[in-house]
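So this one's upload-v5.cif, mmCIF, C-alpha atoms:
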data_target
loop_
_atom_site.group_PDB
_atom_site.id
_atom_site.type_symbol
_atom_site.label_atom_id
_atom_site.label_comp_id
_atom_site.auth_asym_id
_atom_site.auth_seq_id
_atom_site.Cartn_x
_atom_site.Cartn_y
_atom_site.Cartn_z
ATOM 1 C CA MET Y 1 -3.383 -26.589 25.296
ATOM 2 C CA HIS Y 2 -3.948 -30.039 26.861
ATOM 3 C CA GLU Y 3 -6.591 -28.620 29.228
ATOM 4 C CA TYR Y 4 -8.555 -27.256 26.296
ATOM 5 C CA ALA Y 5 -8.382 -30.638 24.533
ATOM 6 C CA THR Y 6 -9.941 -32.188 27.635
ATOM 7 C CA LEU Y 7 -12.641 -29.519 27.757
ATOM 8 C CA ARG Y 8 -13.303 -30.066 24.048
ATOM 9 C CA ALA Y 9 -13.824 -33.778 24.698
ATOM 10 C CA PHE Y 10 -16.203 -32.979 27.566
ATOM 11 C CA VAL Y 11 -18.275 -30.513 25.526
ATOM 12 C CA THR Y 12 -18.418 -32.768 22.465
ATOM 13 C CA VAL Y 13 -19.584 -35.821 24.468
ATOM 14 C CA ALA Y 14 -22.130 -33.631 26.265
ATOM 15 C CA ARG Y 15 -23.566 -32.451 22.950
ATOM 16 C CA LEU Y 16 -23.546 -35.831 21.194
ATOM 17 C CA GLY Y 17 -24.278 -38.103 24.170
ATOM 18 C CA SER Y 18 -21.821 -40.669 22.853
ATOM 19 C CA VAL Y 19 -18.116 -41.340 23.298
ATOM 20 C CA SER Y 20 -17.910 -43.103 19.927
ATOM 21 C CA ARG Y 21 -19.476 -40.230 18.008
ATOM 22 C CA ALA Y 22 -17.349 -37.695 19.886
ATOM 23 C CA ALA Y 23 -14.212 -39.684 19.027
ATOM 24 C CA GLU Y 24 -15.218 -39.691 15.369
ATOM 25 C CA GLN Y 25 -15.834 -35.939 15.305
ATOM 26 C CA LEU Y 26 -12.601 -35.108 17.148
ATOM 27 C CA HIS Y 27 -10.552 -37.663 15.167
ATOM 28 C CA LEU Y 28 -9.501 -39.470 18.347
ATOM 29 C CA THR Y 29 -9.916 -43.022 19.599
ATOM 30 C CA GLN Y 30 -12.686 -43.936 22.050
ATOM 31 C CA PRO Y 31 -10.177 -44.893 24.767
ATOM 32 C CA ALA Y 32 -8.522 -41.482 24.388
ATOM 33 C CA ILE Y 33 -11.866 -39.727 24.877
ATOM 34 C CA SER Y 34 -12.771 -41.918 27.855
ATOM 35 C CA LEU Y 35 -9.370 -41.213 29.455
ATOM 36 C CA LYS Y 36 -9.797 -37.439 29.057
ATOM 37 C CA LEU Y 37 -13.243 -37.594 30.697
ATOM 38 C CA LYS Y 38 -11.905 -39.723 33.550
ATOM 39 C CA GLN Y 39 -9.007 -37.341 34.164
ATOM 40 C CA LEU Y 40 -11.334 -34.319 34.111
ATOM 41 C CA GLN Y 41 -13.726 -35.854 36.625
ATOM 42 C CA LEU Y 42 -10.857 -36.909 38.909
ATOM 43 C CA SER Y 43 -9.257 -33.454 38.814
ATOM 44 C CA LEU Y 44 -12.601 -31.781 39.607
ATOM 45 C CA GLY Y 45 -13.773 -34.413 42.105
ATOM 46 C CA LEU Y 46 -17.148 -34.411 40.358
ATOM 47 C CA ASN Y 47 -19.193 -36.921 38.431
ATOM 48 C CA LEU Y 48 -20.127 -35.259 35.134
ATOM 49 C CA PHE Y 49 -21.886 -38.060 33.238
ATOM 50 C CA GLU Y 50 -24.251 -40.899 33.944
ATOM 51 C CA ARG Y 51 -24.947 -43.837 31.703
ATOM 52 C CA ARG Y 52 -28.408 -44.332 30.259
ATOM 53 C CA PRO Y 53 -29.738 -46.832 27.713
ATOM 54 C CA GLN Y 54 -29.487 -44.232 24.927
ATOM 55 C CA GLY Y 55 -25.914 -43.167 25.872
ATOM 56 C CA LEU Y 56 -24.233 -40.745 28.232
ATOM 57 C CA ALA Y 57 -26.177 -37.910 29.854
ATOM 58 C CA LEU Y 58 -24.939 -35.011 31.917
ATOM 59 C CA THR Y 59 -25.376 -35.043 35.656
ATOM 60 C CA PRO Y 60 -26.587 -31.856 37.366
ATOM 61 C CA ASP Y 61 -22.934 -30.972 38.008
ATOM 62 C CA GLY Y 62 -22.162 -31.582 34.339
ATOM 63 C CA HIS Y 63 -25.054 -29.317 33.302
ATOM 64 C CA ALA Y 64 -23.753 -26.603 35.634
ATOM 65 C CA LEU Y 65 -20.232 -26.737 34.169
ATOM 66 C CA LEU Y 66 -21.150 -27.012 30.482
ATOM 67 C CA PRO Y 67 -21.749 -23.241 29.802
ATOM 68 C CA SER Y 68 -18.415 -22.334 31.410
ATOM 69 C CA ALA Y 69 -16.633 -25.015 29.407
ATOM 70 C CA GLU Y 70 -18.174 -23.719 26.165
ATOM 71 C CA LYS Y 71 -17.107 -20.157 26.973
ATOM 72 C CA ALA Y 72 -13.591 -21.315 27.793
ATOM 73 C CA LEU Y 73 -13.365 -23.144 24.460
ATOM 74 C CA ALA Y 74 -14.647 -20.087 22.592
ATOM 75 C CA SER Y 75 -11.978 -17.948 24.264
ATOM 76 C CA ALA Y 76 -9.312 -20.515 23.421
ATOM 77 C CA ASN Y 77 -10.386 -20.566 19.769
ATOM 78 C CA ALA Y 78 -10.294 -16.756 19.639
ATOM 79 C CA PHE Y 79 -6.841 -16.832 21.214
ATOM 80 C CA GLU Y 80 -5.536 -19.295 18.617
ATOM 81 C CA GLN Y 81 -7.079 -17.325 15.739
ATOM 82 C CA THR Y 82 -5.442 -14.116 16.974
ATOM 83 C CA ALA Y 83 -2.091 -15.875 17.259
ATOM 84 C CA ASN Y 84 -2.444 -17.245 13.731
ATOM 85 C CA THR Y 85 -3.334 -13.781 12.456
ATOM 86 C CA LEU Y 86 -0.205 -12.334 14.037
ATOM 87 C CA HIS Y 87 1.886 -14.890 12.169
ATOM 88 C CA SER Y 88 0.471 -13.690 8.852
ATOM 89 C CA THR Y 89 0.385 -9.961 9.647
ATOM 90 C CA PRO Y 90 3.354 -7.985 8.252
ATOM 91 C CA ARG Y 91 5.338 -6.148 10.869
ATOM 92 C CA GLY Y 92 8.394 -3.977 10.898
ATOM 93 C CA ARG Y 93 9.026 -0.705 9.085
ATOM 94 C CA LEU Y 94 8.129 0.251 5.510
ATOM 95 C CA LYS Y 95 10.203 3.131 4.119
ATOM 96 C CA ILE Y 96 8.276 4.967 1.407
ATOM 97 C CA GLY Y 97 9.658 7.555 -0.992
ATOM 98 C CA THR Y 98 7.048 10.211 -1.756
ATOM 99 C CA ILE Y 99 7.013 12.908 -4.434
ATOM 100 C CA VAL Y 100 4.931 15.932 -5.515
ATOM 101 C CA ASP Y 101 1.835 16.587 -3.393
ATOM 102 C CA PRO Y 102 0.242 13.903 -1.153
ATOM 103 C CA GLU Y 103 -3.197 14.353 -2.704
ATOM 104 C CA PHE Y 104 -1.978 13.552 -6.221
ATOM 105 C CA ILE Y 105 -0.342 10.256 -5.183
ATOM 106 C CA ARG Y 106 -3.318 9.418 -2.879
ATOM 107 C CA LEU Y 107 -0.938 9.066 0.026
ATOM 108 C CA GLY Y 108 -3.558 9.559 2.740
ATOM 109 C CA ALA Y 109 -5.885 6.886 1.365
ATOM 110 C CA PHE Y 110 -2.959 4.498 0.880
ATOM 111 C CA LEU Y 111 -1.627 4.897 4.433
ATOM 112 C CA ARG Y 112 -5.086 4.726 6.006
ATOM 113 C CA ARG Y 113 -5.877 1.424 4.299
ATOM 114 C CA LEU Y 114 -2.396 0.047 4.959
ATOM 115 C CA MET Y 115 -2.744 0.773 8.685
ATOM 116 C CA THR Y 116 -6.086 -1.035 8.726
ATOM 117 C CA GLN Y 117 -4.832 -4.119 6.910
ATOM 118 C CA ALA Y 118 -1.373 -4.294 8.520
ATOM 119 C CA PRO Y 119 -1.681 -2.639 11.953
ATOM 120 C CA GLN Y 120 1.706 -4.013 13.077
ATOM 121 C CA LEU Y 121 3.470 -2.232 10.218
ATOM 122 C CA GLU Y 122 5.175 1.113 10.851
ATOM 123 C CA THR Y 123 5.612 3.512 7.929
ATOM 124 C CA GLU Y 124 8.414 6.016 7.405
ATOM 125 C CA LEU Y 125 8.009 8.675 4.704
ATOM 126 C CA HIS Y 126 10.877 10.313 2.818
ATOM 127 C CA HIS Y 127 9.867 13.162 0.511
ATOM 128 C CA GLY Y 128 12.027 14.046 -2.463
ATOM 129 C CA MET Y 129 12.276 14.095 -6.247
ATOM 130 C CA SER Y 130 11.747 11.166 -8.585
ATOM 131 C CA GLY Y 131 15.425 10.760 -9.458
ATOM 132 C CA SER Y 132 16.636 10.606 -5.871
ATOM 133 C CA THR Y 133 13.764 8.299 -4.939
ATOM 134 C CA LEU Y 134 14.720 5.904 -7.731
ATOM 135 C CA ARG Y 135 18.346 5.792 -6.609
ATOM 136 C CA ARG Y 136 17.445 5.207 -2.986
ATOM 137 C CA VAL Y 137 15.081 2.353 -3.886
ATOM 138 C CA GLU Y 138 17.820 0.807 -6.048
ATOM 139 C CA GLN Y 139 20.301 1.088 -3.180
ATOM 140 C CA GLY Y 140 17.840 -0.350 -0.645
ATOM 141 C CA ASP Y 141 17.578 2.838 1.429
ATOM 142 C CA LEU Y 142 13.848 2.923 0.600
ATOM 143 C CA ASP Y 143 11.558 -0.090 0.309
ATOM 144 C CA VAL Y 144 9.155 1.413 -2.226
ATOM 145 C CA GLY Y 145 8.804 4.803 -3.878
ATOM 146 C CA PHE Y 146 6.579 6.833 -6.139
ATOM 147 C CA TYR Y 147 8.130 7.827 -9.446
ATOM 148 C CA LEU Y 148 7.284 9.985 -12.466
ATOM 149 C CA ALA Y 149 8.431 9.011 -15.964
ATOM 150 C CA PRO Y 150 7.057 8.581 -19.498
ATOM 151 C CA PRO Y 151 4.682 5.593 -19.761
ATOM 152 C CA GLY Y 152 6.332 2.237 -20.378
ATOM 153 C CA LEU Y 153 9.763 3.292 -19.161
ATOM 154 C CA GLY Y 154 9.889 0.584 -16.505
ATOM 155 C CA ALA Y 155 9.230 -2.337 -18.846
ATOM 156 C CA ASP Y 156 12.924 -3.098 -19.456
ATOM 157 C CA GLN Y 157 14.262 -2.458 -15.965
ATOM 158 C CA GLU Y 158 16.397 -5.279 -14.564
ATOM 159 C CA VAL Y 159 16.753 -4.163 -10.952
ATOM 160 C CA LEU Y 160 13.497 -2.320 -10.344
ATOM 161 C CA ALA Y 161 9.917 -3.473 -10.666
ATOM 162 C CA TRP Y 162 7.349 -0.891 -11.741
ATOM 163 C CA ARG Y 163 3.603 -0.618 -11.384
ATOM 164 C CA GLU Y 164 2.050 2.247 -13.347
ATOM 165 C CA LEU Y 165 -0.774 3.783 -11.331
ATOM 166 C CA THR Y 166 -2.106 6.501 -13.620
ATOM 167 C CA HIS Y 167 -1.292 8.362 -16.846
ATOM 168 C CA PHE Y 168 -1.488 12.129 -17.300
ATOM 169 C CA HIS Y 169 0.238 14.947 -19.227
ATOM 170 C CA TYR Y 170 2.474 17.915 -18.563
ATOM 171 C CA TYR Y 171 1.669 21.229 -20.264
ATOM 172 C CA VAL Y 172 3.771 24.319 -20.882
ATOM 173 C CA VAL Y 173 2.423 27.202 -18.782
ATOM 174 C CA ALA Y 174 3.368 30.889 -19.055
ATOM 175 C CA PRO Y 175 2.464 34.104 -17.213
ATOM 176 C CA MET Y 176 -0.810 35.867 -17.847
ATOM 177 C CA GLY Y 177 -0.702 37.923 -21.047
ATOM 178 C CA TRP Y 178 1.985 35.834 -22.747
ATOM 179 C CA ASP Y 179 -0.290 34.644 -25.524
ATOM 180 C CA ALA Y 180 1.856 36.298 -28.196
ATOM 181 C CA GLN Y 181 5.065 34.759 -26.854
ATOM 182 C CA LEU Y 182 3.476 31.313 -27.104
ATOM 183 C CA ALA Y 183 2.175 31.796 -30.649
ATOM 184 C CA ASP Y 184 5.125 29.787 -31.983
ATOM 185 C CA THR Y 185 5.096 26.457 -30.148
ATOM 186 C CA ARG Y 186 8.111 24.912 -31.858
ATOM 187 C CA TRP Y 187 10.531 23.803 -29.169
ATOM 188 C CA GLU Y 188 13.415 25.802 -30.602
ATOM 189 C CA ALA Y 189 11.239 28.931 -30.300
ATOM 190 C CA LEU Y 190 9.983 28.082 -26.830
ATOM 191 C CA ALA Y 191 13.525 27.390 -25.614
ATOM 192 C CA ARG Y 192 14.503 31.016 -26.277
ATOM 193 C CA LEU Y 193 11.893 32.264 -23.789
ATOM 194 C CA PRO Y 194 12.802 32.611 -20.093
ATOM 195 C CA TRP Y 195 12.323 29.272 -18.322
ATOM 196 C CA ILE Y 196 11.872 28.332 -14.673
ATOM 197 C CA VAL Y 197 13.637 24.981 -14.517
ATOM 198 C CA THR Y 198 14.076 22.232 -11.946
ATOM 199 C CA PRO Y 199 17.043 20.085 -10.796
ATOM 200 C CA GLU Y 200 18.108 17.020 -12.763
ATOM 201 C CA ASP Y 201 16.406 14.682 -10.286
ATOM 202 C CA SER Y 202 12.952 16.071 -11.096
ATOM 203 C CA ALA Y 203 10.500 14.701 -13.637
ATOM 204 C CA HIS Y 204 10.110 18.233 -15.088
ATOM 205 C CA HIS Y 205 13.786 18.291 -16.009
ATOM 206 C CA ARG Y 206 13.751 14.865 -17.677
ATOM 207 C CA LEU Y 207 10.566 15.575 -19.628
ATOM 208 C CA LEU Y 208 11.799 18.966 -20.826
ATOM 209 C CA GLN Y 209 15.176 17.570 -21.880
ATOM 210 C CA HIS Y 210 13.458 14.785 -23.801
ATOM 211 C CA ALA Y 211 11.136 17.252 -25.540
ATOM 212 C CA LEU Y 212 14.045 19.499 -26.547
ATOM 213 C CA ALA Y 213 16.325 16.681 -27.686
ATOM 214 C CA SER Y 214 15.117 16.529 -31.284
ATOM 215 C CA SER Y 215 15.610 20.282 -31.784
ATOM 216 C CA GLY Y 216 18.968 20.423 -30.004
ATOM 217 C CA ALA Y 217 17.789 23.546 -28.190
ATOM 218 C CA THR Y 218 18.672 24.472 -24.617
ATOM 219 C CA PRO Y 219 16.142 26.319 -22.453
ATOM 220 C CA ASN Y 220 16.935 29.887 -21.432
ATOM 221 C CA HIS Y 221 17.263 29.370 -17.663
ATOM 222 C CA VAL Y 222 16.306 32.353 -15.518
ATOM 223 C CA ALA Y 223 15.500 30.512 -12.269
ATOM 224 C CA GLN Y 224 15.723 27.048 -10.780
ATOM 225 C CA VAL Y 225 13.350 25.737 -8.102
ATOM 226 C CA ASP Y 226 12.853 22.364 -6.454
ATOM 227 C CA GLN Y 227 9.174 22.648 -5.474
ATOM 228 C CA GLU Y 228 6.147 22.732 -7.747
ATOM 229 C CA ALA Y 229 4.339 25.335 -5.650
ATOM 230 C CA CYS Y 230 7.296 27.726 -5.860
ATOM 231 C CA MET Y 231 7.576 27.159 -9.603
ATOM 232 C CA LEU Y 232 3.946 28.142 -10.141
ATOM 233 C CA ASP Y 233 4.388 31.209 -7.931
ATOM 234 C CA LEU Y 234 7.196 32.401 -10.199
ATOM 235 C CA VAL Y 235 5.114 31.795 -13.317
ATOM 236 C CA ARG Y 236 2.277 33.824 -11.814
ATOM 237 C CA ALA Y 237 4.775 36.578 -10.982
ATOM 238 C CA GLY Y 238 5.762 36.824 -14.652
ATOM 239 C CA VAL Y 239 9.297 35.441 -14.273
ATOM 240 C CA GLY Y 240 9.006 32.843 -17.033
ATOM 241 C CA LEU Y 241 7.345 29.676 -18.214
ATOM 242 C CA SER Y 242 7.565 26.105 -17.012
ATOM 243 C CA LEU Y 243 5.878 22.696 -17.098
ATOM 244 C CA ALA Y 244 2.854 21.824 -14.994
ATOM 245 C CA ARG Y 245 0.700 18.742 -14.542
ATOM 246 C CA ASP Y 246 -2.473 18.882 -16.608
ATOM 247 C CA ALA Y 247 -4.846 19.338 -13.654
ATOM 248 C CA LEU Y 248 -2.684 22.117 -12.191
ATOM 249 C CA ALA Y 249 -2.276 23.821 -15.553
ATOM 250 C CA MET Y 250 -6.028 23.905 -16.171
ATOM 251 C CA ALA Y 251 -6.725 25.135 -12.651
ATOM 252 C CA GLU Y 252 -4.116 27.906 -12.951
ATOM 253 C CA ARG Y 253 -5.482 28.995 -16.326
ATOM 254 C CA GLN Y 254 -8.946 29.276 -14.798
ATOM 255 C CA GLU Y 255 -7.988 30.854 -11.485
ATOM 256 C CA SER Y 256 -4.836 32.883 -12.258
ATOM 257 C CA GLY Y 257 -5.085 33.497 -15.984
ATOM 258 C CA LEU Y 258 -1.900 31.614 -16.832
ATOM 259 C CA VAL Y 259 -1.430 30.857 -20.513
ATOM 260 C CA VAL Y 260 -1.236 27.203 -21.585
ATOM 261 C CA ALA Y 261 0.633 26.459 -24.821
ATOM 262 C CA ASN Y 262 -1.523 24.920 -27.525
ATOM 263 C CA ASN Y 263 -0.857 21.424 -28.856
ATOM 264 C CA ILE Y 264 1.913 20.541 -26.387
ATOM 265 C CA ARG Y 265 1.245 17.571 -24.175
ATOM 266 C CA LEU Y 266 4.076 15.575 -22.635
ATOM 267 C CA PRO Y 267 2.821 12.120 -21.515
ATOM 268 C CA CYS Y 268 3.809 10.937 -18.072
ATOM 269 C CA ALA Y 269 2.986 8.087 -15.714
ATOM 270 C CA LEU Y 270 2.887 7.931 -11.937
ATOM 271 C CA SER Y 271 4.366 4.599 -10.845
ATOM 272 C CA LEU Y 272 5.345 2.746 -7.714
ATOM 273 C CA ILE Y 273 8.824 1.209 -7.840
ATOM 274 C CA TRP Y 274 10.593 -1.442 -5.753
ATOM 275 C CA ARG Y 275 13.410 -3.925 -6.231
ATOM 276 C CA HIS Y 276 12.554 -7.138 -8.094
ATOM 277 C CA ASP Y 277 14.491 -9.221 -5.594
ATOM 278 C CA ARG Y 278 12.429 -7.865 -2.684
ATOM 279 C CA SER Y 279 8.962 -8.491 -4.128
ATOM 280 C CA GLU Y 280 8.253 -11.375 -1.736
ATOM 281 C CA GLU Y 281 9.103 -9.462 1.431
ATOM 282 C CA PRO Y 282 5.968 -9.237 3.640
ATOM 283 C CA THR Y 283 6.176 -5.452 4.079
ATOM 284 C CA ILE Y 284 6.490 -4.775 0.352
ATOM 285 C CA ASP Y 285 3.840 -7.374 -0.502
ATOM 286 C CA ALA Y 286 1.449 -5.655 1.917
ATOM 287 C CA ALA Y 287 2.160 -2.287 0.296
ATOM 288 C CA LEU Y 288 1.494 -3.660 -3.197
ATOM 289 C CA ARG Y 289 -1.762 -5.359 -2.192
ATOM 290 C CA THR Y 290 -2.986 -2.183 -0.497
ATOM 291 C CA LEU Y 291 -1.942 -0.022 -3.435
ATOM 292 C CA SER Y 292 -4.020 -2.176 -5.793
ATOM 293 C CA GLU Y 293 -7.106 -1.175 -3.834
ATOM 294 C CA VAL Y 294 -6.273 2.531 -3.773
ATOM 295 C CA TRP Y 295 -5.155 2.616 -7.438
ATOM 296 C CA PRO Y 296 -7.163 0.119 -9.546
ATOM 297 C CA SER Y 297 -5.203 -1.277 -12.482
ATOM 298 C CA LEU Y 298 -4.918 0.829 -15.619
#
Show how you would write the structure in this file as structure tokens.
Amino acid sequence: MHEYATLRAFVTVARLGSVSRAAEQLHLTQPAISLKLKQLQLSLGLNLFERRPQGLALTPDGHALLPSAEKALASANAFEQTANTLHSTPRGRLKIGTIVDPEFIRLGAFLRRLMTQAPQLETELHHGMSGSTLRRVEQGDLDVGFYLAPPGLGADQEVLAWRELTHFHYYVVAPMGWDAQLADTRWEALARLPWIVTPEDSAHHRLLQHALASSGATPNHVAQVDQEACMLDLVRAGVGLSLARDALAMAERQESGLVVANNIRLPCALSLIWRHDRSEEPTIDAALRTLSEVWPSL
């Protein structure tokens, strides 16, 4: 960038009309400024300045070259700024574990903002259940992941860091017309009804097991599914009852006539998880900063 330093000296002297003031502004010595001007004039074969009682003034050739020199300096500054930005812009690949439906975890908004703020970053999505996502983040197969668990569960984790994004509840939902079957909402009574259950890796399974623990009851399994949409289809078909997120439960009661058990609300939190020892990695830091904008703090 030596050529640009010479152009900067030329433009600064042209604006200030003084080698001493230019040297002060550029934090150089006067001889250094004078040498740069001499070298520039020799390389161009042109006389750019003339001395006057009030200082240096541009010659006609100097006036002709000044706009081009200013544009060249502006381009050089833009070049340096872009290079500096690239140094601070995260790049590489961010592996994200996703769960449930994209709308609920605000995946689209998160990825759109992440692409804007870190355009050099490539994302790779891996959809699954909370339990498998947690294991893969622990093992380092995934960089970050969404996770469902009762609120506060991540406070004592040694390996994983947690950020709770939102709190909600799970309700017990049953087929249309099952009001009488849900009259007794004790867990030991509910467990005897036919249940559509989910694999151990799912949040539904963990929440249901926790709810039944005090009664010692075991749900009467009639079907097992690994997708929420399929589970709700079976409830609508009259196969049995299951758990559903509060928004889905209310929507299904309104639209499909599903029965929602009274006075049963299982608290849950949607969180983002990552390894404590990877918190300072640029890709994960970028994800966390972006997530804070999409999900304001609780």
TODO: Take the PyMOL selection byres ((chain Y and resi 200) around 10), apply it to the structure above, and return the hits as a PyMOL selection string.
DONE: chain Y and resi 129-132+197-199+201-206+209+226
- [ ] Given the file shown, determine the residues that the PyMOL selection byres ((chain Y and resi 94-104) around 9) selects; report them as a count of residues only.
- [x] 35
TODO: Fewer than 3 positions away in the same chain doesn't count, so skip those; otherwise give me all residues within 6 Å of range 157-166 of chain Y, counting only C-alpha atoms, as a PyMOL selection string.
DONE: chain Y and resi 154+269-276+295
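Minimum distance to Val173 in chain Y across Y:Leu40, Y:Leu48, Y:Leu66, Y:Met250 (counting all atoms listed in the file) occurs at Y:Met250.
With CA of Leu248 in chain Y on one side and CA of Asp184 in chain Y on the other, the separation reads 22.6 Å.
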- [ ] Please indicate the distance in Å from CA of Glu50 in chain Y to CA of Ala69 in chain Y, rounded to one decimal place.
- [x] 18.2 Å
Open item on the list: Suppose a student applies the PyMOL selection byres ((chain Y and resi 175) around 7) to this structure; what residues should they get, written as a ChimeraX atom specification?
Closed with: /Y:174,176-178,235-236,238,240-241,258-259
Task: Nearest residue to Glu252 in chain Y from the set Y:Leu207, Y:Ala78, Y:Val172, Y:His221 (distances using only C-alpha atoms) - done: Y:Val172
Open item on the list: Set the distance at 12 Å and use all atoms listed in the file: which residues neighbour Lys71 in chain Y once local chain neighbours fewer than 5 positions away are removed? I'd like the list as a ChimeraX atom specification.
Closed with: /Y:4,7-8,11,65-66,76-78
Task: Between CA of Leu37 in chain Y and CA of Glu70 in chain Y, distance in Å (one decimal) - done: 15.4 Å
